[in-house]
$ cat data-v6.cif   # mmCIF, C-alpha atoms and all ligand atoms
data_work
loop_
_atom_site.label_atom_id
_atom_site.label_comp_id
_atom_site.auth_asym_id
_atom_site.auth_seq_id
_atom_site.Cartn_x
_atom_site.Cartn_y
_atom_site.Cartn_z
CA MET F 1 -43.96 -4.03 4.31
CA GLN F 2 -41.83 -7.04 5.31
CA LYS F 3 -42.10 -10.06 3.04
CA GLY F 4 -38.83 -11.86 3.75
CA ILE F 5 -37.48 -13.76 6.75
CA PHE F 6 -35.25 -11.91 9.19
CA ILE F 7 -32.85 -14.00 11.30
CA SER F 8 -30.18 -12.45 13.51
CA VAL F 9 -27.25 -14.34 14.96
CA GLU F 10 -25.80 -13.37 18.33
CA GLY F 11 -23.29 -14.53 20.89
CA PRO F 12 -20.17 -13.65 22.85
CA ASP F 13 -16.89 -13.28 20.95
CA GLY F 14 -15.49 -16.66 19.88
CA ALA F 15 -18.87 -18.44 19.78
CA GLY F 16 -18.22 -19.38 16.13
CA LYS F 17 -21.16 -17.53 14.57
CA THR F 18 -19.42 -16.93 11.26
CA SER F 19 -18.57 -20.61 10.65
CA VAL F 20 -22.15 -21.63 11.43
CA ILE F 21 -23.61 -18.97 9.13
CA THR F 22 -21.38 -20.18 6.27
CA GLN F 23 -22.62 -23.74 6.74
CA LEU F 24 -26.28 -22.73 6.94
CA LEU F 25 -26.20 -20.92 3.60
CA PRO F 26 -26.57 -23.91 1.24
CA ARG F 27 -29.49 -25.28 3.29
CA LEU F 28 -31.27 -21.94 3.32
CA ALA F 29 -30.71 -21.51 -0.42
CA ASP F 30 -33.23 -24.32 -1.03
CA TYR F 31 -35.94 -21.99 0.28
CA GLY F 32 -35.14 -18.67 -1.43
CA LYS F 33 -32.56 -16.01 -2.10
CA VAL F 34 -30.29 -15.66 0.93
CA VAL F 35 -28.64 -12.39 1.94
CA THR F 36 -25.96 -12.36 4.64
CA THR F 37 -24.62 -9.28 6.27
CA ARG F 38 -23.10 -8.08 9.54
CA GLU F 39 -23.13 -5.35 12.15
CA PRO F 40 -21.44 -3.07 12.68
CA GLY F 41 -21.01 -2.74 8.92
CA GLY F 42 -22.67 -4.39 5.96
CA VAL F 43 -22.78 -1.25 3.79
CA PRO F 44 -19.96 1.23 2.99
CA ILE F 45 -20.97 4.02 5.42
CA ALA F 46 -21.50 1.54 8.26
CA GLU F 47 -18.22 -0.25 7.45
CA LYS F 48 -16.48 3.12 7.86
CA ILE F 49 -18.16 3.57 11.25
CA ARG F 50 -17.00 0.03 12.11
CA GLU F 51 -13.39 1.06 11.39
CA VAL F 52 -13.76 4.01 13.77
CA ILE F 53 -15.29 1.87 16.53
CA LEU F 54 -12.85 -1.03 16.32
CA ASN F 55 -9.63 0.92 15.62
CA PRO F 56 -7.22 -0.17 18.40
CA GLU F 57 -5.78 3.37 18.49
CA HIS F 58 -9.10 4.77 19.72
CA THR F 59 -8.50 3.86 23.36
CA GLY F 60 -10.05 7.13 24.54
CA MET F 61 -13.50 6.38 23.11
CA ASP F 62 -16.26 7.18 25.59
CA ASP F 63 -18.82 4.41 26.23
CA LYS F 64 -21.75 6.54 25.08
CA THR F 65 -19.86 7.58 21.94
CA GLU F 66 -19.28 3.88 21.23
CA LEU F 67 -22.96 3.10 21.71
CA LEU F 68 -24.07 5.96 19.44
CA LEU F 69 -21.68 4.84 16.70
CA TYR F 70 -23.09 1.29 16.80
CA ILE F 71 -26.58 2.77 16.63
CA ALA F 72 -25.65 5.08 13.72
CA ALA F 73 -24.13 2.15 11.81
CA ARG F 74 -27.31 0.15 12.48
CA ARG F 75 -29.56 2.87 11.07
CA GLN F 76 -27.61 3.13 7.83
CA HIS F 77 -27.45 -0.66 7.50
CA LEU F 78 -31.20 -0.93 8.07
CA LYS F 79 -32.05 1.57 5.35
CA GLU F 80 -29.57 0.35 2.74
CA ARG F 81 -29.51 -3.38 3.33
CA ILE F 82 -32.01 -4.84 5.77
CA GLU F 83 -35.22 -3.16 4.60
CA PRO F 84 -34.54 -3.66 0.87
CA ALA F 85 -33.68 -7.35 1.40
CA LEU F 86 -36.85 -7.96 3.41
CA GLU F 87 -39.01 -6.03 0.95
CA ALA F 88 -37.59 -8.18 -1.85
CA GLY F 89 -38.73 -11.28 0.08
CA ASN F 90 -35.20 -12.55 0.77
CA ILE F 91 -34.01 -14.73 3.64
CA LEU F 92 -31.82 -12.33 5.60
CA LEU F 93 -29.14 -13.57 7.98
CA VAL F 94 -27.56 -10.79 10.04
CA ASP F 95 -24.43 -11.40 12.11
CA ARG F 96 -25.26 -9.28 15.22
CA PHE F 97 -28.11 -6.79 15.59
CA ILE F 98 -30.00 -5.00 18.40
CA ASP F 99 -29.17 -7.54 21.13
CA SER F 100 -25.41 -6.93 20.75
CA SER F 101 -25.88 -3.32 21.86
CA VAL F 102 -27.91 -4.37 24.91
CA ALA F 103 -25.43 -7.13 25.84
CA TYR F 104 -22.16 -5.25 25.17
CA GLN F 105 -22.94 -1.58 25.81
CA GLY F 106 -25.69 -2.27 28.37
CA PHE F 107 -24.58 -5.23 30.45
CA GLY F 108 -20.90 -5.08 29.42
CA ARG F 109 -20.23 -1.36 29.70
CA GLY F 110 -22.92 -0.64 32.24
CA LEU F 111 -25.04 1.80 30.22
CA ASN F 112 -28.76 1.90 30.95
CA PRO F 113 -30.50 -0.94 29.04
CA ALA F 114 -33.70 1.15 28.81
CA ASP F 115 -31.77 3.90 26.96
CA ILE F 116 -30.38 1.28 24.60
CA ASP F 117 -33.83 -0.19 23.95
CA TRP F 118 -35.02 3.31 23.07
CA LEU F 119 -32.05 4.01 20.78
CA ASN F 120 -32.44 0.62 19.08
CA HIS F 121 -36.11 1.36 18.48
CA PHE F 122 -35.24 4.82 17.14
CA ALA F 123 -32.65 3.37 14.73
CA THR F 124 -34.75 0.46 13.49
CA ASP F 125 -38.24 2.02 13.56
CA GLY F 126 -39.15 -0.90 15.80
CA LEU F 127 -38.09 -3.67 13.43
CA VAL F 128 -37.12 -6.83 15.34
CA PRO F 129 -35.86 -10.12 13.87
CA ASP F 130 -38.34 -12.95 13.35
CA LEU F 131 -35.82 -15.24 15.03
CA THR F 132 -32.54 -14.73 16.88
CA LEU F 133 -30.12 -17.62 17.20
CA TYR F 134 -28.06 -17.07 20.33
CA PHE F 135 -24.83 -19.08 20.30
CA ASP F 136 -23.89 -19.65 23.91
CA ILE F 137 -20.32 -20.39 24.94
CA ASP F 138 -18.32 -20.21 28.14
CA VAL F 139 -16.46 -16.90 27.98
CA GLU F 140 -13.00 -18.29 28.59
CA GLU F 141 -13.56 -21.00 26.00
CA GLY F 142 -14.67 -18.36 23.47
CA LEU F 143 -11.61 -16.19 24.10
CA ALA F 144 -9.34 -19.23 23.88
CA ARG F 145 -10.87 -20.04 20.47
CA ILE F 146 -10.12 -16.51 19.28
CA ALA F 147 -6.53 -16.83 20.48
CA GLN F 148 -6.22 -20.13 18.62
CA THR F 149 -7.51 -18.59 15.40
CA ARG F 150 -5.07 -15.74 15.76
CA GLY F 151 -2.32 -18.26 16.40
CA HIS F 152 -1.19 -16.98 19.80
CA GLU F 153 -2.18 -17.03 23.46
CA VAL F 154 -5.03 -14.94 24.84
CA ASN F 155 -3.50 -11.46 25.00
CA ARG F 156 -3.40 -9.14 28.01
CA LEU F 157 -6.34 -7.11 26.83
CA ASP F 158 -8.46 -10.18 26.29
CA MET F 159 -7.67 -11.26 29.85
CA GLU F 160 -8.25 -7.81 31.32
CA SER F 161 -11.67 -7.64 29.75
CA LEU F 162 -12.75 -11.08 30.97
CA GLY F 163 -15.19 -9.43 33.38
CA LEU F 164 -16.76 -7.47 30.53
CA HIS F 165 -17.15 -10.59 28.41
CA GLN F 166 -18.73 -12.38 31.35
CA ARG F 167 -21.25 -9.56 31.79
CA VAL F 168 -21.98 -9.69 28.05
CA ARG F 169 -22.86 -13.37 28.33
CA GLU F 170 -25.06 -12.70 31.36
CA GLY F 171 -26.68 -9.93 29.32
CA TYR F 172 -27.53 -12.31 26.51
CA LEU F 173 -28.98 -14.84 28.96
CA SER F 174 -31.11 -12.11 30.48
CA ILE F 175 -32.46 -11.02 27.06
CA LEU F 176 -33.16 -14.69 26.31
CA ASN F 177 -35.20 -15.03 29.51
CA LYS F 178 -37.22 -11.94 28.69
CA GLN F 179 -37.91 -12.81 25.04
CA PRO F 180 -38.03 -16.62 24.83
CA ASP F 181 -40.21 -16.56 21.70
CA ARG F 182 -37.70 -14.60 19.62
CA LEU F 183 -34.37 -15.87 20.97
CA VAL F 184 -33.31 -19.52 20.89
CA LYS F 185 -30.19 -20.66 22.70
CA ILE F 186 -27.80 -23.00 20.89
CA ASP F 187 -24.95 -24.71 22.74
CA ALA F 188 -21.93 -23.46 20.78
CA SER F 189 -19.44 -25.53 22.79
CA GLN F 190 -20.45 -28.63 20.77
CA PRO F 191 -18.60 -29.72 17.62
CA LEU F 192 -19.37 -27.39 14.69
CA GLU F 193 -21.43 -30.03 12.85
CA GLN F 194 -23.75 -30.41 15.85
CA VAL F 195 -24.06 -26.64 16.32
CA VAL F 196 -25.05 -26.29 12.65
CA ALA F 197 -27.54 -29.18 12.96
CA ASP F 198 -29.15 -27.59 16.03
CA ALA F 199 -29.36 -24.18 14.36
CA TRP F 200 -30.85 -25.67 11.21
CA SER F 201 -33.42 -27.62 13.18
CA VAL F 202 -34.62 -24.41 14.86
CA ILE F 203 -34.84 -22.56 11.52
CA GLU F 204 -36.57 -25.44 9.73
CA THR F 205 -39.16 -25.88 12.46
CA ARG F 206 -39.84 -22.15 12.68
CA PHE F 207 -40.14 -21.30 8.97
CA PHE F 208 -40.17 -24.29 6.66
CA LYS F 209 -42.35 -26.94 8.29
CA ASP F 210 -46.15 -26.74 8.07
P1 LIG F 301 -17.83 -9.07 15.32
O1 LIG F 301 -16.44 -9.39 15.78
O2 LIG F 301 -18.83 -10.12 15.65
O3 LIG F 301 -17.89 -8.62 13.89
O4 LIG F 301 -18.31 -7.78 16.18
C1 LIG F 301 -17.46 -6.72 16.42
C2 LIG F 301 -17.48 -6.37 17.88
O5 LIG F 301 -18.45 -5.36 18.11
C3 LIG F 301 -17.79 -7.52 18.84
O6 LIG F 301 -16.82 -7.49 19.89
C4 LIG F 301 -19.14 -7.17 19.40
C5 LIG F 301 -19.19 -5.67 19.28
N1 LIG F 301 -20.53 -5.06 19.17
C6 LIG F 301 -20.99 -4.25 20.20
O7 LIG F 301 -20.30 -4.07 21.20
N2 LIG F 301 -22.21 -3.64 20.07
C7 LIG F 301 -22.99 -3.79 18.95
O8 LIG F 301 -24.09 -3.21 18.87
C8 LIG F 301 -22.50 -4.65 17.88
C9 LIG F 301 -23.33 -4.83 16.65
C10 LIG F 301 -21.27 -5.26 18.04
#

$ encode --input "data-v6.cif" --output "structure tokens"
Amino acid sequence: MQKGIFISVEGPDGAGKTSVITQLLPRLADYGKVVTTREPGGVPIAEKIREVILNPEHTGMDDKTELLLYIAARRQHLKERIEPALEAGNILLVDRFIDSSVAYQGFGRGLNPADIDWLNHFATDGLVPDLTLYFDIDVEEGLARIAQTRGHEVNRLDMESLGLHQRVREGYLSILNKQPDRLVKIDASQPLEQVVADAWSVIETRFFKD
């Protein structure tokens, strides 16, 4: 039985999720034990699956294989990390969860979103986050941020996959429209301080104000 608080964090690449999560931690710590984790990964078996998925040498990976690997990593992560943290009553902050598969493999790669919903449900036994913070950013701005962090221009692959990233963002906006109670959109193009303040305000209102 779930006793903790389950928050997932989503967004296109370069939205700055990780920096925001880091800054939210001290505020959340006033309200309980905080556990942060990520997908794909978070536990050793799922981190190994992550290496297989993201290995740049694996150019021949089929789209359905990719989807199934994300789903397999999710299952293992759920059993070893998510469920125990929630049962212990922790505040759980997960960097990417079910919506990433719908946005990237569904809208991005063009796989059937209904199949992905089914697979997500199969992997999670129907567990959905209490709240999903969706960090929205213009795709080109997000990719430019990544290039800046890496210290070079947007590479050819980043540019070639612009269409995919655009479909991913559209995917997120579509999920947001369908589930407005669970997902809240945050404008991630603002200065980091403002993005953190907006995210905190949503969390505080949802969980910590009577
Ligand atoms: P990260 O860079 O946020 O750690 O995520 C790794 C990549 O994996 C990112 O490009 C998004 C992608 N991804 C999917 O395509 N499907 C999924 O289900 C998840 C969890 C991530």

$ atom_distance --input "data-v6.cif" --atom1 "atom CA of F:Leu131" --atom2 "atom CA of F:Ile53"
26.8 Å

$ residues_near_ligand --input "data-v6.cif" --ligand "ligand LIG 301 (chain F)" --cutoff "10 Å" --atoms "all atoms listed in the file" --output "PyMOL selection string"
chain F and resi 9-18+38-41+50+53-54+63+66-74+94-106+108-109+116+120+165+168

$ closest_residue --input "data-v6.cif" --among "F:Lys64, F:Ile91, F:Ile82, F:His77" --to "F:Lys33" --atoms "only C-alpha atoms"
F:Ile91

$ closest_residue --input "data-v6.cif" --among "F:Gln148, F:Asn112, F:Thr124, F:Thr65" --to "F:Glu80" --atoms "only C-alpha atoms"
F:Thr124

$ closest_residue --input "data-v6.cif" --among "F:Tyr172, F:Tyr134, F:Phe6, F:Phe107" --to "F:Val35" --atoms "only C-alpha atoms"
F:Phe6

$ residues_near_point --input "data-v6.cif" --point "(-20.0, -22.5, 20.7)" --cutoff "6 Å" --atoms "all atoms listed in the file" --output "ChimeraX atom specification"
/F:15-16,135-137,187-189

$ residues_near_point --input "data-v6.cif" --point "(-40.2, -19.0, 15.8)" --cutoff "12 Å" --atoms "all atoms listed in the file" --output "ChimeraX atom specification"
/F:5-7,129-133,179-184,201-209

$ closest_residue --input "data-v6.cif" --among "F:Glu193, F:Glu141, F:Glu83, F:Glu51" --to "F:Asp125" --atoms "all atoms listed in the file"
F:Glu83

$ atom_distance --input "data-v6.cif" --atom1 "atom CA of F:Pro191" --atom2 "atom CA of F:Tyr31"
25.7 Å

$ atom_distance --input "data-v6.cif" --atom1 "atom CA of F:Gly89" --atom2 "atom CA of F:Ile21"
19.2 Å

$ closest_residue --input "data-v6.cif" --among "F:Leu93, F:Glu170, F:Glu140, F:Leu86" --to "F:Val20" --atoms "only C-alpha atoms"
F:Leu93
